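What follows is a set of notes on a single structure, which appears directly below.
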Amino acid sequence: MTKGGMESVEVFTTEGKGRGLKAQKEFLPGDVIFAEPAYAAVVFDSLTHVICHTCFKRQERLHRCGQCKFAYYCDRTCQRAAWLNHKNECSAIKRHGKAPTENIRLAARILWKIEREGSGLSEGCLVSIDELQNHVDSFGEEEKKELRMDVESFLEFWPPHCQQFGMQFISHIFGVISCNGFTLSDQRGLQAVGVGIFPNLCQANHDCWPNCTVVFNNGNHEAVRSMFHTQMRIELRALNKISPGDELTVSYVDFLNLSEERRKQLKKQYYFDCTCEHCKKQLKDDLMLAVKTGESKPSADTVKEVIQLSKDTLEKINKARMEGHYHEVVKLCRDCLTKQEPVLGDTNIYLLRILSIASEVLSYLQMFEEAADYAKRMVDGYLKIYHPNNAQLGMAVMRAGVTHWHAGLIEAGHGLICKAYAILLITHGPSHPITKDLEVMRVQTEMELRMFQQNEFMYYKMREAALKNQKIQVMPEPSNENAPSLFHKKE
């Protein structure tokens with residue numbers, strides 16, 4: 001079954017997994033299998049005044065809607081593009097007196113679209129909103145209570161003159177949002193800023209070692225002529241060579257967890273038991289639990305003790321980060337690493353988590369040499385665990401490359417930046433803002449490397465002078481959030 005620009009994929013039914021997507025032709029790594037605009041999308045409650053409500057880019061100065069005083073836009077172009085979806089919302093917010101939560105706003109946008117177009121197949125959609133999974137029957141007591149509260153709040157917000165929907169259908173929409181809401185990120189791809197519904201993407205089943213990845217593209221409204229504008233959309237991109245008839249899979253969770261942990265998370269958030277090969281055979285679990293080998297192999301009790309210490313330290317680190325006590329975070333990391341290093345192997349996830357936090361926080365504190373050492377060890381571990389074309393691996397390698405550059409380690413820095421660029425070309429594509437930034441860094445570090453190889457002494461002299469004249473770029477403040485996950489699940 002294909003429709004409107006979706007000729008390269010088909011929906012099929014799989015035993016035990018329900019619907020899935022299958023390739024209709026061959027794809028190579030980095031190919032865009034399909035791009036899909038949001039059926040409906042909203043900015044998170046906490047960011048409504050700093051993110052454009054049309055393209056979801058973070059901007060310094062935004063224009064506010066003069067009527068509801070709630071929605072913000074980059075410029076008139078984004079504001080005009082939003083009007084069809086914002087028109088009903090605008091008057092409902094004025095009537096209600098305030099904007100409701102993101103879940104209510106998203107449900108309302110979906111239902112206004114159904115009011116305009118009907119609930120059948122929309123242009124370019126392989127399935128209708130009616131057909132999307134809601135898993136309401138699998139909800140626990142707490143989730144059912146939240147659902148009832150959402151439905152009540154929705155009915156208070158929903159205008160009496162609009163089409164009225166039955167309680168069961170409204171509950172279905174909230175269930176769809178809960179199970180299928182996709183995380184939207186800012187233009188840098190580093191922060192989750194909103195949630196949207198993409199019906200075609202919802203058909204892609206999960207695999208912990210997928211053959212596709214999803215990237216959010218904010219579109220381009222900057223061209224002078226609107227015919228050159230591109231829509232905000234998601235892109236499903238191939239990670240491997242895919243043959244006609246292969247199922248297209250994406251990963252709903254970060255791979256950097258033991259198979260048992262990933263399965264628990266998938267069951268809790270998405271109500272299914274993962275039967276992928278990596279979970280069934282517990283592939284890579286041995287690497288993620290690696291301990292030192294050889295003559296000084298630690299006892300099982302010592303390993304257990306160090307892993308418990310690591311878990312306790314991670315909790316303390318989270319608390320210190322929330323409070324902005326970054327020097328305390330560094331001390332906790334150093335102390336923990338001293339205990340971990342004689343016991344845990346180089347790919348052990350508890351060691352890698354501490355190395356990741358230490359390198360990020362030390363970079364922020366401009367202690368680059370120590371940060372670079374930890375970043376290098378983290379990347380070496382990640383490369384043995386992650387799929388070679390994993391987006392999170394690409395971002396980690398990029399951060400490590402930038403940290404090495406700041407530390408004046410130009411050879412290693414350039415090598416890491418090139419490696420990250422090769423990964424992001426496949427996962428994000430050449431036109432994504434972060435890939436473009438990386439290309440600029442790659443060219444700059446290549447030029448610096450040539451200079452370094454010709455005359456090391458002169459290179460350091462020029463670098464010193466350049467850094468004195470130009471304030472060193474401060475690394476972004478460490479975030480307590482993980483990289484945006486694929487699907488947005490209300491905790």
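Order determines the names: the first chain of the structure tokens is A, the second B, and so forth; residues in each chain are numbered 1 upward, and ligands are numbered 1 upward as they are shown.
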
Going by DSSP on the backbone, which bits of range 59-207 of chain A are strand (DSSP E or B)? Write them as JSON, numbers by chain, please.
{"A": [63, 64, 72, 73, 182, 183, 184, 185, 192, 193, 194, 195, 196, 197, 205, 206]}

Residues near Val193 in chain A, anyone? I mean within 7 Å using only C-alpha atoms, not counting same-chain ones fewer than 5 positions away, as a list in words.
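Selected residues are Val43, Phe44, Leu47, Leu184, Ser185 and Asp186 of chain A.
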
I need the chosen residues saved as an mmCIF file, in the first residue's frame, with all heavy atoms.
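The resulting file, selection.cif, is shown below:
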```cif
data_model
loop_
_atom_site.group_PDB
_atom_site.id
_atom_site.type_symbol
_atom_site.label_atom_id
_atom_site.label_comp_id
_atom_site.auth_asym_id
_atom_site.auth_seq_id
_atom_site.Cartn_x
_atom_site.Cartn_y
_atom_site.Cartn_z
ATOM 1 N N VAL A 43 4.894 22.777 20.854
ATOM 2 C CA VAL A 43 6.104 23.048 21.646
ATOM 3 C C VAL A 43 5.819 22.655 23.103
ATOM 4 O O VAL A 43 4.692 22.806 23.589
ATOM 5 C CB VAL A 43 6.462 24.557 21.554
ATOM 6 C CG1 VAL A 43 7.621 24.915 22.468
ATOM 7 C CG2 VAL A 43 6.779 24.945 20.120
ATOM 8 N N PHE A 44 6.843 22.151 23.810
ATOM 9 C CA PHE A 44 6.689 21.819 25.225
ATOM 10 C C PHE A 44 6.271 23.055 26.023
ATOM 11 O O PHE A 44 6.703 24.181 25.738
ATOM 12 C CB PHE A 44 8.004 21.290 25.815
ATOM 13 C CG PHE A 44 8.370 19.895 25.387
ATOM 14 C CD1 PHE A 44 9.706 19.514 25.336
ATOM 15 C CD2 PHE A 44 7.410 18.960 25.043
ATOM 16 C CE1 PHE A 44 10.071 18.225 24.951
ATOM 17 C CE2 PHE A 44 7.761 17.676 24.660
ATOM 18 C CZ PHE A 44 9.088 17.301 24.610
ATOM 19 N N LEU A 47 8.875 25.661 27.141
ATOM 20 C CA LEU A 47 9.683 26.360 26.134
ATOM 21 C C LEU A 47 8.844 27.189 25.161
ATOM 22 O O LEU A 47 9.365 27.646 24.140
ATOM 23 C CB LEU A 47 10.512 25.327 25.337
ATOM 24 C CG LEU A 47 11.505 24.488 26.152
ATOM 25 C CD1 LEU A 47 12.031 23.332 25.319
ATOM 26 C CD2 LEU A 47 12.662 25.350 26.641
ATOM 27 N N LEU A 184 10.440 16.203 19.120
ATOM 28 C CA LEU A 184 10.963 17.197 18.172
ATOM 29 C C LEU A 184 12.128 17.921 18.846
ATOM 30 O O LEU A 184 12.057 18.267 20.023
ATOM 31 C CB LEU A 184 9.875 18.206 17.807
ATOM 32 C CG LEU A 184 8.547 17.609 17.324
ATOM 33 C CD1 LEU A 184 7.559 18.714 17.001
ATOM 34 C CD2 LEU A 184 8.759 16.737 16.107
ATOM 35 N N SER A 185 13.191 18.158 18.081
ATOM 36 C CA SER A 185 14.359 18.830 18.671
ATOM 37 C C SER A 185 14.575 20.196 18.025
ATOM 38 O O SER A 185 14.004 20.490 16.969
ATOM 39 C CB SER A 185 15.607 17.958 18.501
ATOM 40 O OG SER A 185 15.745 17.573 17.152
ATOM 41 N N ASP A 186 15.404 21.008 18.671
ATOM 42 C CA ASP A 186 15.752 22.311 18.093
ATOM 43 C C ASP A 186 16.648 22.093 16.872
ATOM 44 O O ASP A 186 17.012 20.955 16.555
ATOM 45 C CB ASP A 186 16.419 23.221 19.138
ATOM 46 C CG ASP A 186 17.728 22.635 19.673
ATOM 47 O OD1 ASP A 186 18.146 21.561 19.196
ATOM 48 O OD2 ASP A 186 18.333 23.237 20.561
#
```

Write out as CSV the residues of range 267-321 of chain A that have any atom within 10 Å of an atom of range 135-158 of chain A, one row each with the nearest atom pair and its distance in Å to one decimal, counting only C-alpha atoms, sorted by chain and then rising number.
```
residue,atom,partner,partner_atom,distance
A:Lys268,CA,A:Phe139,CA,9.6
A:Gln269,CA,A:Phe139,CA,10.0
A:Tyr270,CA,A:His135,CA,8.2
A:Tyr271,CA,A:Ser138,CA,7.1
```

Writing out the chosen residues with N, CA, C and O atoms as an mmCIF file, in the first residue's frame:
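Once written, part_25.cif looks like this:
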```cif
data_model
loop_
_atom_site.group_PDB
_atom_site.id
_atom_site.type_symbol
_atom_site.label_atom_id
_atom_site.label_comp_id
_atom_site.auth_asym_id
_atom_site.auth_seq_id
_atom_site.Cartn_x
_atom_site.Cartn_y
_atom_site.Cartn_z
ATOM 1 N N LYS A 268 7.545 -1.159 29.534
ATOM 2 C CA LYS A 268 6.885 -0.128 30.357
ATOM 3 C C LYS A 268 6.337 1.009 29.492
ATOM 4 O O LYS A 268 5.228 1.488 29.715
ATOM 5 N N GLN A 269 7.117 1.448 28.511
ATOM 6 C CA GLN A 269 6.713 2.628 27.736
ATOM 7 C C GLN A 269 5.887 2.299 26.503
ATOM 8 O O GLN A 269 5.042 3.077 26.104
ATOM 9 N N TYR A 270 6.161 1.139 25.886
ATOM 10 C CA TYR A 270 5.509 0.853 24.595
ATOM 11 C C TYR A 270 4.724 -0.455 24.587
ATOM 12 O O TYR A 270 4.191 -0.850 23.547
ATOM 13 N N TYR A 271 4.674 -1.147 25.741
ATOM 14 C CA TYR A 271 3.792 -2.303 25.940
ATOM 15 C C TYR A 271 4.092 -3.491 25.026
ATOM 16 O O TYR A 271 3.188 -4.186 24.594
#
```

Nearest to Arg95 in chain A among A:Ile423, A:Cys68, A:Leu314, A:Ala412, with distances taken over only C-alpha atoms: which residue is it?
A:Cys68

Distance in Å - CA of Ala107 in chain A versus CA of Phe174 in chain A
6.5 Å

Quick one: residues within 8 Å of Glu439 in chain A, only C-alpha atoms counted, chain neighbours fewer than 4 positions away excluded, as a ChimeraX atom specification?
/A:421,435,443

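Among the candidate residues A:Glu411, A:Glu305, A:Glu315, A:Glu260, the one lying nearest to Glu456 in chain A is A:Glu411, with distances computed using only C-alpha atoms.
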
Would you mind listing what lies within 8 Å of range 373-380 of chain A as a PyMOL selection string, with only C-alpha atoms counted and same-chain residues fewer than 6 positions away left out?
chain A and resi 346+352+355-356+358-359+393+396-397+400+403

With only C-alpha atoms as the counted atoms, please give the residues lying no more than 10 Å from Asn205 in chain A, apart from itself and same-chain residues fewer than 6 positions off, as a PyMOL selection string.
chain A and resi 14+17-21+247-252

Can you list every residue in range 115-252 of chain A that DSSP puts in alpha helix (DSSP H), as a VMD selection string?
chain A and resid 115 to 117 141 to 157 167 to 180

Considering only C-alpha atoms, return as a count of residues only whatever protein or nucleic-acid residues lie within 10 Å of Ala290 in chain A, sequence-local ones (same chain, fewer than 6 positions apart) excluded.
11

Distance in Å - CA of Asn218 in chain A versus CA of Arg233 in chain A:
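Computing the Euclidean distance for CA of Asn218 in chain A and CA of Arg233 in chain A yields 6.5 Å.
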
Skipping near chain neighbours, those fewer than 4 positions away, what residues fall within 12 Å of Ile51 in chain A using only C-alpha atoms, listed as a ChimeraX atom specification?
/A:42-47,55-64,70-75,78,184-187,191-194,218

Go ahead and dump the residues you just picked, N, CA and C atoms, as an mmCIF file, in the first residue's frame.
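Saved file selection39.cif follows:
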```cif
data_model
loop_
_atom_site.group_PDB
_atom_site.id
_atom_site.type_symbol
_atom_site.label_atom_id
_atom_site.label_comp_id
_atom_site.auth_asym_id
_atom_site.auth_seq_id
_atom_site.Cartn_x
_atom_site.Cartn_y
_atom_site.Cartn_z
ATOM 1 N N VAL A 42 3.255 20.303 18.758
ATOM 2 C CA VAL A 42 3.239 21.446 19.690
ATOM 3 C C VAL A 42 4.586 21.558 20.403
ATOM 4 N N VAL A 43 4.894 22.777 20.854
ATOM 5 C CA VAL A 43 6.104 23.048 21.646
ATOM 6 C C VAL A 43 5.819 22.655 23.103
ATOM 7 N N PHE A 44 6.843 22.151 23.810
ATOM 8 C CA PHE A 44 6.689 21.819 25.225
ATOM 9 C C PHE A 44 6.271 23.055 26.023
ATOM 10 N N ASP A 45 5.494 22.821 27.082
ATOM 11 C CA ASP A 45 5.005 23.910 27.946
ATOM 12 C C ASP A 45 6.133 24.818 28.435
ATOM 13 N N SER A 46 7.255 24.212 28.827
ATOM 14 C CA SER A 46 8.339 24.989 29.456
ATOM 15 C C SER A 46 9.106 25.860 28.461
ATOM 16 N N LEU A 47 8.875 25.661 27.141
ATOM 17 C CA LEU A 47 9.683 26.360 26.134
ATOM 18 C C LEU A 47 8.844 27.189 25.161
ATOM 19 N N CYS A 55 8.399 26.146 13.183
ATOM 20 C CA CYS A 55 9.545 25.336 12.732
ATOM 21 C C CYS A 55 10.333 24.736 13.891
ATOM 22 N N PHE A 56 9.972 25.098 15.139
ATOM 23 C CA PHE A 56 10.580 24.530 16.342
ATOM 24 C C PHE A 56 12.063 24.867 16.484
ATOM 25 N N LYS A 57 12.484 25.979 15.842
ATOM 26 C CA LYS A 57 13.862 26.432 16.030
ATOM 27 C C LYS A 57 13.925 27.315 17.273
ATOM 28 N N ARG A 58 15.058 27.254 17.943
ATOM 29 C CA ARG A 58 15.299 28.158 19.085
ATOM 30 C C ARG A 58 15.808 29.473 18.515
ATOM 31 N N GLN A 59 15.190 30.595 18.900
ATOM 32 C CA GLN A 59 15.574 31.905 18.362
ATOM 33 C C GLN A 59 15.718 32.905 19.499
ATOM 34 N N GLU A 60 16.571 33.928 19.260
ATOM 35 C CA GLU A 60 16.772 34.972 20.274
ATOM 36 C C GLU A 60 15.514 35.821 20.437
ATOM 37 N N ARG A 61 15.032 36.328 19.298
ATOM 38 C CA ARG A 61 13.862 37.217 19.365
ATOM 39 C C ARG A 61 12.734 36.607 18.558
ATOM 40 N N LEU A 62 11.618 36.405 19.208
ATOM 41 C CA LEU A 62 10.467 35.808 18.531
ATOM 42 C C LEU A 62 9.303 36.801 18.509
ATOM 43 N N HIS A 63 8.462 36.698 17.482
ATOM 44 C CA HIS A 63 7.251 37.531 17.396
ATOM 45 C C HIS A 63 6.123 36.800 18.105
ATOM 46 N N ARG A 64 5.390 37.537 18.947
ATOM 47 C CA ARG A 64 4.294 36.900 19.680
ATOM 48 C C ARG A 64 2.977 37.128 18.960
ATOM 49 N N PHE A 70 0.113 33.870 23.282
ATOM 50 C CA PHE A 70 0.712 32.609 23.718
ATOM 51 C C PHE A 70 1.717 32.067 22.700
ATOM 52 N N ALA A 71 1.352 32.088 21.437
ATOM 53 C CA ALA A 71 2.207 31.485 20.402
ATOM 54 C C ALA A 71 3.310 32.459 19.982
ATOM 55 N N TYR A 72 4.486 31.905 19.688
ATOM 56 C CA TYR A 72 5.647 32.708 19.257
ATOM 57 C C TYR A 72 6.176 32.172 17.934
ATOM 58 N N TYR A 73 6.690 33.097 17.096
ATOM 59 C CA TYR A 73 7.169 32.707 15.765
ATOM 60 C C TYR A 73 8.470 33.429 15.427
ATOM 61 N N CYS A 74 9.263 32.781 14.536
ATOM 62 C CA CYS A 74 10.517 33.389 14.063
ATOM 63 C C CYS A 74 10.233 34.734 13.411
ATOM 64 N N ASP A 75 9.231 34.728 12.520
ATOM 65 C CA ASP A 75 8.930 35.907 11.700
ATOM 66 C C ASP A 75 7.534 35.748 11.108
ATOM 67 N N CYS A 78 6.795 32.336 9.265
ATOM 68 C CA CYS A 78 6.412 31.224 10.142
ATOM 69 C C CYS A 78 5.006 31.448 10.718
ATOM 70 N N LEU A 184 10.440 16.203 19.120
ATOM 71 C CA LEU A 184 10.963 17.197 18.172
ATOM 72 C C LEU A 184 12.128 17.921 18.846
ATOM 73 N N SER A 185 13.191 18.158 18.081
ATOM 74 C CA SER A 185 14.359 18.830 18.671
ATOM 75 C C SER A 185 14.575 20.196 18.025
ATOM 76 N N ASP A 186 15.404 21.008 18.671
ATOM 77 C CA ASP A 186 15.752 22.311 18.093
ATOM 78 C C ASP A 186 16.648 22.093 16.872
ATOM 79 N N GLN A 187 17.031 23.203 16.216
ATOM 80 C CA GLN A 187 17.767 23.068 14.943
ATOM 81 C C GLN A 187 19.132 22.406 15.113
ATOM 82 N N GLN A 191 18.489 19.439 21.883
ATOM 83 C CA GLN A 191 17.511 19.559 22.967
ATOM 84 C C GLN A 191 16.121 19.218 22.471
ATOM 85 N N ALA A 192 15.408 18.397 23.257
ATOM 86 C CA ALA A 192 14.016 18.081 22.937
ATOM 87 C C ALA A 192 13.176 19.323 23.228
ATOM 88 N N VAL A 193 12.392 19.777 22.251
ATOM 89 C CA VAL A 193 11.636 21.031 22.431
ATOM 90 C C VAL A 193 10.136 20.886 22.200
ATOM 91 N N GLY A 194 9.702 19.725 21.698
ATOM 92 C CA GLY A 194 8.274 19.577 21.435
ATOM 93 C C GLY A 194 7.914 18.145 21.120
ATOM 94 N N ASN A 218 14.070 20.826 10.731
ATOM 95 C CA ASN A 218 13.219 21.982 11.039
ATOM 96 C C ASN A 218 12.718 22.723 9.808
#
```
